[in-house]
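Asks: Structure provided below as structure tokens; questions to follow.
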Amino acid sequence: MGITVIDRRQDPQEDKFGTDRQRFLERYRDLFRKAVGDLVGEGNIKDLVASGGAVPIPKRMISEPVVHHGQGGKARRVFPGLIKFDVGDRIPKPEGGGGGRGSGEPSADGDGEDEYVWLSPEELLNILFDGRRLPDMTKLKAPQVKVVDRQHAGYTSKGPAHRMDMDITNRKRAGEALVLSKMSEKRVIDNLAEQYNIYASYEASVPKLNLSDKSKSERRNAIIETVQSLQKMFHSFTGKSPDDEIVSLLSEAVQIILKENVGSKIDSEADQKRLQILEARLIDQIKAGRDAGRYRPDHLTYEYDDDVPKPGAKAVMFCMMDVSYSMTQERKNIAKSFFFLMNAFLTTAYENTDVIFISHTTKAEEVDEKTFFYGTETGGTVVSTCLIKMKEIIDERYPPSDWNIYGVQASDGENSQNDNHKVIELMQKIMPLTQSYYYIQVEQPSYGERLLPVFKDLAEEFPGRVYTAELDTPADGLDAFNHFFPTDGSMPTKPSFVP
Amino acid sequence: MDNLPEEQKDYYKKIQDLLGHYKDGWEVFINAHKAKDFDYPLIRKPEFENDPYLPSTWIELVAVTQGIIAKDMLGLDFYPPQIEIIRADHMLDVYTTVGLPGGYKHWSFGKKRMIEEKKYDASKHLAYEIVINSEPCIAYCMDTNSPVMQMLVIAHACYGHNAVFKNNTLFKEFTNAEAILADVANLKNFVLQCEQKYGQEEVSDFLDFCHAMQFMDIPDTAGHRIRTKSELKARAEEKKRLDLDAGSRITFNGEAASKTRNDNQPTFPHRGVRNVLGYMADHDEYFPDWKRTIMKMRSELSQYFKPQMMTQKLNEGFATWTHTKIMNTMFKMGLMDWGMNQEFNNSNDGVLYQPSAIRLVKDEEGKIHEQFVGASLNPYAIGFAMYDDIERICDNPTEEDKLWFKHFAGNKDGVEMVKHAMETTSDETFIEQYLSPTVMRKFAFFEIEDVAKKNFFEVTSIHNAAGFRNIRQQLANDCRTFDIIPNIRVHDYQETDRCLILRHQMKDGAPLEPKSLQQILELMHSQRGYPVVVESVDETGNVRETFSSPEKYDYAKYKRTYRHLSP
């Protein structure tokens with residue numbers, strides 16, 4: 001019977017590249033965009049960047065139609081498990097009409113339930129920013145390089161002991177041992193057989209030894225046979241039995257028995273010379289076989305590190321936003337997309353990233369993420385207060401010698417003229433401490449003094465450090481981000497972004 | 001021969017021979033059970049170490065041992081089995097691809113996979129095995145099954161289901177086990193080529209349409225079977241003899257057929273074709289060739305699933321009967337100990353559990369009363385009970401059995417009768433021919449009438465002598481899968497507006513579900529470019545409801561003309 005058993009436990013999945021899933025996400029991109037927009041609106045920025053999230057998708061939107069019967073009509077059906085009832089009795093129907101004629105695919109009926117789809121961070125970003133090419137976060141360079149880090153850059157044959165790569169070293173040794181140990185025995189036997197045949201050509205009674213085209217066990221048998229007949233012929237028993245190693249058996253037969261008895265008969269000079277060479281080579285060949293499993297200096301492999309410039313290990317991002325009544329939820333969400341990306345970028349660029357949220361009206365305070373995006377407060381707008389708060393926090397907790405400091409400020413651009421002067425003064429104090437500062441304007445202000453020109457002036461004063469952006473939709477956040485961080489690592493062409 | 005003691009029978013000796021090659025010998029299965037490890041290493045006696053024909057893994061040894069029992073004791077005939085040990089995520093793959101690995105890429109599989117994953121996360125429950133009707137017969141077994149479970153599953157899938165696949169007449173007629181995996185691979189490659197030529201979106205949209213035609217793409221008769229010339233000639237003569245023209249042969253009701261004949265009107269030659277997708281592929285003029293090819297291939301795949309839809313109870317019942325026989329034999333032979341037998345019985349009882357449709361409930365006052373909960377019939381339970389009862393009727397019939405099953409009661413050849421029942425029936429005929437009063441009483445069957453407008457069910461028959469016939473007939477009717485899925489057939493084609501008219505034959509007044517039907521019609525319209533209409537017709541031949549794409553399309557104002565297509 002041809003029974004086959006296949007162990008597929010180590011095999012990959014059927015859809016190993018996730019093509020079907022990608023196509024599914026692609027097909028319902030609009031649905032997913034809306035759901036992801038809500039998710040990013042509600043969710044915690046840090047968690048989403050780290051592990052993705054689940055988005056609800058209405059079942060009826062993604063159901064595939066299958067032809068089936070609806071409710072209605074008259075039907076007879078048989079059920080098991082009768083208790084008590086008799087013909088003609090009436091049984092009340094259960095609620096929800098179960099037991100009626102349900103047929104076809106139940107999932108085809110659009111009930112109100114939602115399916116939840118878990119999206120990875122990459123899928124999330126991809127959908128959120130509408131398939132536009134995301135910047136290659138790892139290739140982007142932070143504006144100012146501070147620390148030089150050593151990174152793995154290859155392997156060398158010399159180095160300190162603690163950098164030795166045992167895995168590769170051992171692999172080299174094992175590979176060589178495999179070849180040497182397999183080949184050495186054969187080489188030794190070939191060598192001895194050749195010596196044997198030279199002796200045999202001078203003594204007619206000694207049988208020839210032919211080992212070519214024979215399998216391992218056949219060779220063994222042939223050698224044992226020949227050696228035994230040799231021992232009988234010269235009555236020379238050396239105490240070795242056929243169970244001993246074949247090499248030692250043959251070498252004794254050649255080097256002791258034949259050399260003593262036949263050695264003197266050799267008169268050809270060429271044969272004598274050949275024998276000398278073979279004997280000398282034999283010692284090396286046996287030694288090579290014996291040493292097959294040992295480490296040699298040229299197996300040793302060490303890891304090699306090189307200097308790679310790397311941004312400092314720690315970064316803090318100050319998110320500052322005007323939460324006065326003029327900032328609607330919609331405007332906040334636009335700003336959130338930029339905060340989200342900035343955080344995702346800093347997480348890939350630095351080992352540790354802190355995020356500080358400062359909301360302000362006429363006074364500023366440090367808040368948690370939820371309050372920052374959903375808290376509602378009324379009051380006017382004094383932008384300088386949040387800069388004062390930022391300066392305080394930097395002085396208290398984040399010494400610029402240890403931390404890379406980034407500031408992102410979102411506003412609808414309203415501020416009083418008096419305060420604008422104050423902002424300029426404060427910024428001149430803060431900028432020497434920070435890496436860079438981004439000002440995001442989410443709406444053109446309808447009245448009041450404008451803040452944008454102030455930051456544009458500052459951008460000229462601190463070239464490459466202060467940036468401004470005007471955003472209309474969450475997707476503009478991505479464009480602005482791409483503008484500020486060109487993937488080739490060059491400096492942005494303009495310090496301001498307009499969609 | 002049959003009177004020989006167990007030890008002298010052929011299969012016993014063969015197994016003794018086989019296990020003699022191993023160090024564990026007769027105890028090998030028991031030791032594996034104790035080790036709780038189906039990877040249990042097999043150690044051969046030194047003299048057999050290099051024999052390449054001996055099973056080298058425990059699973060293979062189980063399969064070979066059970067194969068000997070299945071073949072020599074039960075006399076089963078089956079395809080060579082191929083066991084594949086898989087992980088949970090592979091099993092989800094099998095769910096997603098409906099058991100046919102290596103299919104084409106489509107977004108709906110991504111969705112299905114996501115839904116299956118979610119279900120699995122919630123319940124953590126997966127099937128122990130899934131078996132495919134192919135040659136070799138592929139059985140996917142989970143790697144988490146315990147050794148006893150693995151033995152049960154192999155007996156169930158590799159010998160039970162496998163024997164049904166090879167011997168049941170429906171499977172023989174409708175499926176081609178050798179070619180199915182190649183067919184799937186062909187379709188995959190063809191879809192891939194089309195995607196490269198015509199763009200992924202175009203092909204994907206077209207496949208949406210093909211998927212929506214599910215249940216409307218199954219032919220009434222097997223098309224793939226190659227008929228010889230003499231067969232074709234005999235069929236033509238038979239047709240002539242019965243004097244059936246193409247139209248009346250396949251109309252829904254005699255009345256309509258005679259009417260058309262009286263009016264002396266030419267009939268539409270493809271009227272009554274159930275395989276709507278196949279009809280469109282063959283005769284609709286508005287499809288490019290690549291679409292026709294995909295439609296035909298899809299239709300062939302649907303045909304492959306047809307016997308499985310028609311033989312659920314028969315199939316699961318026979319597989320359960322087979323594994324019970326094999327496992328009991330192994331226990332009797334001493335290959336399993338009491339502990340293993342206990343584990344086997346526990347899982348078998350779980351498989352055979354039949355919930356009741358009526359449950360006793362305590363109300364707020366502490367009074368107990370009956371409540372209808374509507375349990376569906378467990379195919380394993382009913383199938384197994386019926387096969388078991390056939391065997392009992394053969395060996396040990398009661399007076400009642402002699403009355404109902406005159407042709408085989410007491411013939412002392414139970415196993416042969418069980419195999420005969422499995423080979424020659426579908427679910428419907430299986431119940432019609434072999435459901436005995438004993439089984440009916442055991443399941444306490446009752447029949448109810450469900451009228452949509454009323455808020456109660458009326459009991460029309462119960463499990464007594466008077467109700468037996470009714471219940472048996474109704475249970476058989478419940479198994480008519482092709483009445484339960486809507487009966488929609490090609491009816492007509494109007495040359496004037498190129499409208500395709502389909503007919504839905506209503507049964508018991510059940511209407512079509514309009515929402516998804518409308519979606520399907522729109523998909524059909526968008527693909528063929530011209531309107532599609534479905535008429536719902538009741539038993540008397542009156543059109544009760546029409547659905548059309550575009551909605552409310554007045555197709556009647558175009559005069560109906562029947563096309564004359566060369567047959």
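Identifiers for the structure tokens are assigned positionally: chains receive A, B, ... in sequence, residues are indexed from 1 per chain, and ligands are indexed from 1 in the order shown.
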For chain B, work out the contacting residues on chain A at 7 Å, counting only C-alpha atoms, and write them as a count of residues only.
Replies: 49
Asks: Which parts of stretch 220-427 of chain A does DSSP call strand (DSSP E or B) when run on the backbone here, written out as number ranges by chain?
Replies: A: 302-310, 314-322, 352-360, 364-367, 404-411, 414-415
Asks: Using DSSP on the backbone coordinates, identify all residues within stretch 258-384 of chain A classified as helix (DSSP H, G or I); present the result as a ChimeraX atom specification.
Replies: /A:258-265,269-290,297-299,329-349,369-374,384
Asks: With a distance cut-off of 8 Å and only C-alpha atoms, select the neighbouring residues of B:Leu502, excluding the residue or stretch itself and same-chain residues fewer than 5 positions from it, and output the selection as a PyMOL selection string.
Replies: chain B and resi 488-492+532-535
Asks: Please compute the atom CA of A:Pro207-atom CA of A:Leu230 distance, one decimal, in Å.
Replies: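 Computing the Euclidean distance for atom CA of A:Pro207 and atom CA of A:Leu230 yields 8.2 Å.
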Asks: Tell me, as a list in words, which residues lie within 9 Å of B:Asn167, counting only C-alpha atoms; anything in the same chain fewer than 2 positions away does not count.
Replies: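 Once the adjacent positions are removed, what remains is Asp77, Phe78, Asn162, Ala163, Val164, Phe165, Thr169, Leu170, Phe171, Lys172, Lys419, Met422, Glu423 and Thr424 of chain B.
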Asks: Which residue is closest to B:His161? Choose from B:Met295, B:Ala385, B:Leu314, B:Ala319 and count only C-alpha atoms.
Replies: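 Using only C-alpha atoms, the shortest distance to B:His161 belongs to B:Ala319.
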Asks: Go through B:Asn176, B:Gln8, B:Thr398, B:Gln66 and flag the residue nearest B:Met327, using only C-alpha atoms for the distances.
Replies: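 The closest residue to B:Met327 is B:Gln66.
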Asks: Between B:Asp497, B:Asp205, B:Glu285, B:Asp538, single out the one closest to B:Tyr553, counting only C-alpha atoms.
Replies: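 Among the listed residues, B:Asp497 lies closest to B:Tyr553.
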Asks: Calculated over only C-alpha atoms, which of the candidates A:Leu300, A:Val442, A:Val423, A:Met183 has the smallest distance to A:Gln329?
Replies: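 Distance minimum relative to A:Gln329 lands on A:Val442.
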Asks: In terms of the shortest atom-to-atom distance over only C-alpha atoms, which of B:Lys233, B:Pro147, B:Glu495, B:Ile431 is closest to B:Phe468?
Replies: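 Of B:Lys233, B:Pro147, B:Glu495, B:Ile431, the one nearest B:Phe468 is B:Ile431, counting only C-alpha atoms.
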Asks: Which neighbours of B:Ala381 fall inside 7 Å, counting only C-alpha atoms, when residues of the same chain fewer than 5 positions from it are skipped, and could you give them as a list in words?
Replies: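 Residues meeting the cut-off are Gly317, Leu352, Tyr353 and Gln354 of chain B.
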Asks: Keeping only all heavy atoms, write those residues as a compact mmCIF listing (two decimals), in the first residue's frame.
Replies:
# COMPACT_ATOMS: atom_id res chain seq x y z
N GLY B 317 -21.20 9.43 8.40
CA GLY B 317 -21.64 8.22 9.08
C GLY B 317 -20.75 7.04 8.76
O GLY B 317 -20.32 6.30 9.65
N LEU B 352 -20.48 11.85 18.48
CA LEU B 352 -21.82 11.32 18.21
C LEU B 352 -22.92 11.99 19.02
O LEU B 352 -24.06 11.53 19.01
CB LEU B 352 -21.84 9.80 18.50
CG LEU B 352 -20.96 8.97 17.58
CD1 LEU B 352 -21.05 7.51 17.96
CD2 LEU B 352 -21.37 9.14 16.13
N TYR B 353 -22.60 13.08 19.72
CA TYR B 353 -23.60 13.72 20.56
C TYR B 353 -24.69 14.38 19.72
O TYR B 353 -24.39 15.14 18.80
CB TYR B 353 -22.93 14.77 21.46
CG TYR B 353 -23.92 15.59 22.25
CD1 TYR B 353 -24.68 15.00 23.24
CD2 TYR B 353 -24.10 16.94 21.98
CE1 TYR B 353 -25.60 15.74 23.95
CE2 TYR B 353 -25.03 17.69 22.70
CZ TYR B 353 -25.76 17.08 23.68
OH TYR B 353 -26.69 17.81 24.37
N GLN B 354 -25.93 14.06 20.02
CA GLN B 354 -27.05 14.68 19.31
C GLN B 354 -27.86 15.53 20.28
O GLN B 354 -28.56 15.00 21.14
CB GLN B 354 -27.94 13.59 18.70
CG GLN B 354 -29.21 14.12 18.08
CD GLN B 354 -28.94 15.05 16.91
OE1 GLN B 354 -28.34 14.67 15.93
NE2 GLN B 354 -29.37 16.31 17.03
Asks: Residues near stretch 462-464 of chain A, anyone? I mean within 12 Å using only C-alpha atoms, not counting same-chain ones fewer than 5 positions away, as a PyMOL selection string.
Replies: chain A and resi 142-144+424+427-432+434-438+455-457+484-485+490-496
Asks: Near B:Ala281, within 9 Å and counting only C-alpha atoms, which residues show up once chain neighbours fewer than 5 positions away are dropped, as a ChimeraX atom specification?
Replies: /B:276,287,289,291-296
Asks: Kindly save the residues from that selection, with N, CA, C and O atoms included, as a compact mmCIF listing (two decimals), in the first residue's frame.
Replies:
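That gives us result-v6.txt:
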# COMPACT_ATOMS: atom_id res chain seq x y z
N VAL B 276 -26.17 27.92 -14.75
CA VAL B 276 -26.33 29.20 -15.43
C VAL B 276 -24.97 29.74 -15.87
O VAL B 276 -24.81 30.26 -16.98
N PHE B 287 -18.87 37.60 -23.92
CA PHE B 287 -17.70 37.38 -23.08
C PHE B 287 -16.48 37.10 -23.95
O PHE B 287 -16.57 36.37 -24.93
N ASP B 289 -12.83 35.29 -24.68
CA ASP B 289 -12.50 33.88 -24.49
C ASP B 289 -11.93 33.58 -23.12
O ASP B 289 -12.23 32.55 -22.52
N LYS B 291 -12.53 34.92 -20.32
CA LYS B 291 -13.57 34.86 -19.30
C LYS B 291 -14.34 33.54 -19.41
O LYS B 291 -14.66 32.92 -18.39
N ARG B 292 -14.61 33.13 -20.63
CA ARG B 292 -15.31 31.85 -20.82
C ARG B 292 -14.52 30.71 -20.17
O ARG B 292 -15.06 29.85 -19.50
N THR B 293 -13.18 30.75 -20.39
CA THR B 293 -12.36 29.67 -19.84
C THR B 293 -12.45 29.64 -18.32
O THR B 293 -12.63 28.58 -17.72
N ILE B 294 -12.34 30.81 -17.70
CA ILE B 294 -12.40 30.85 -16.24
C ILE B 294 -13.77 30.38 -15.76
O ILE B 294 -13.87 29.61 -14.80
N MET B 295 -14.83 30.80 -16.45
CA MET B 295 -16.18 30.40 -16.04
C MET B 295 -16.34 28.89 -16.10
O MET B 295 -16.89 28.26 -15.19
N LYS B 296 -15.83 28.29 -17.17
CA LYS B 296 -15.95 26.83 -17.28
C LYS B 296 -15.16 26.13 -16.19
O LYS B 296 -15.61 25.15 -15.59
Asks: From the list A:Val117, A:Pro12, A:Leu178, A:Arg397, which residue is nearest A:Ala54 when using only C-alpha atoms?
Replies: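 Smallest distance to A:Ala54 is found for A:Val117.
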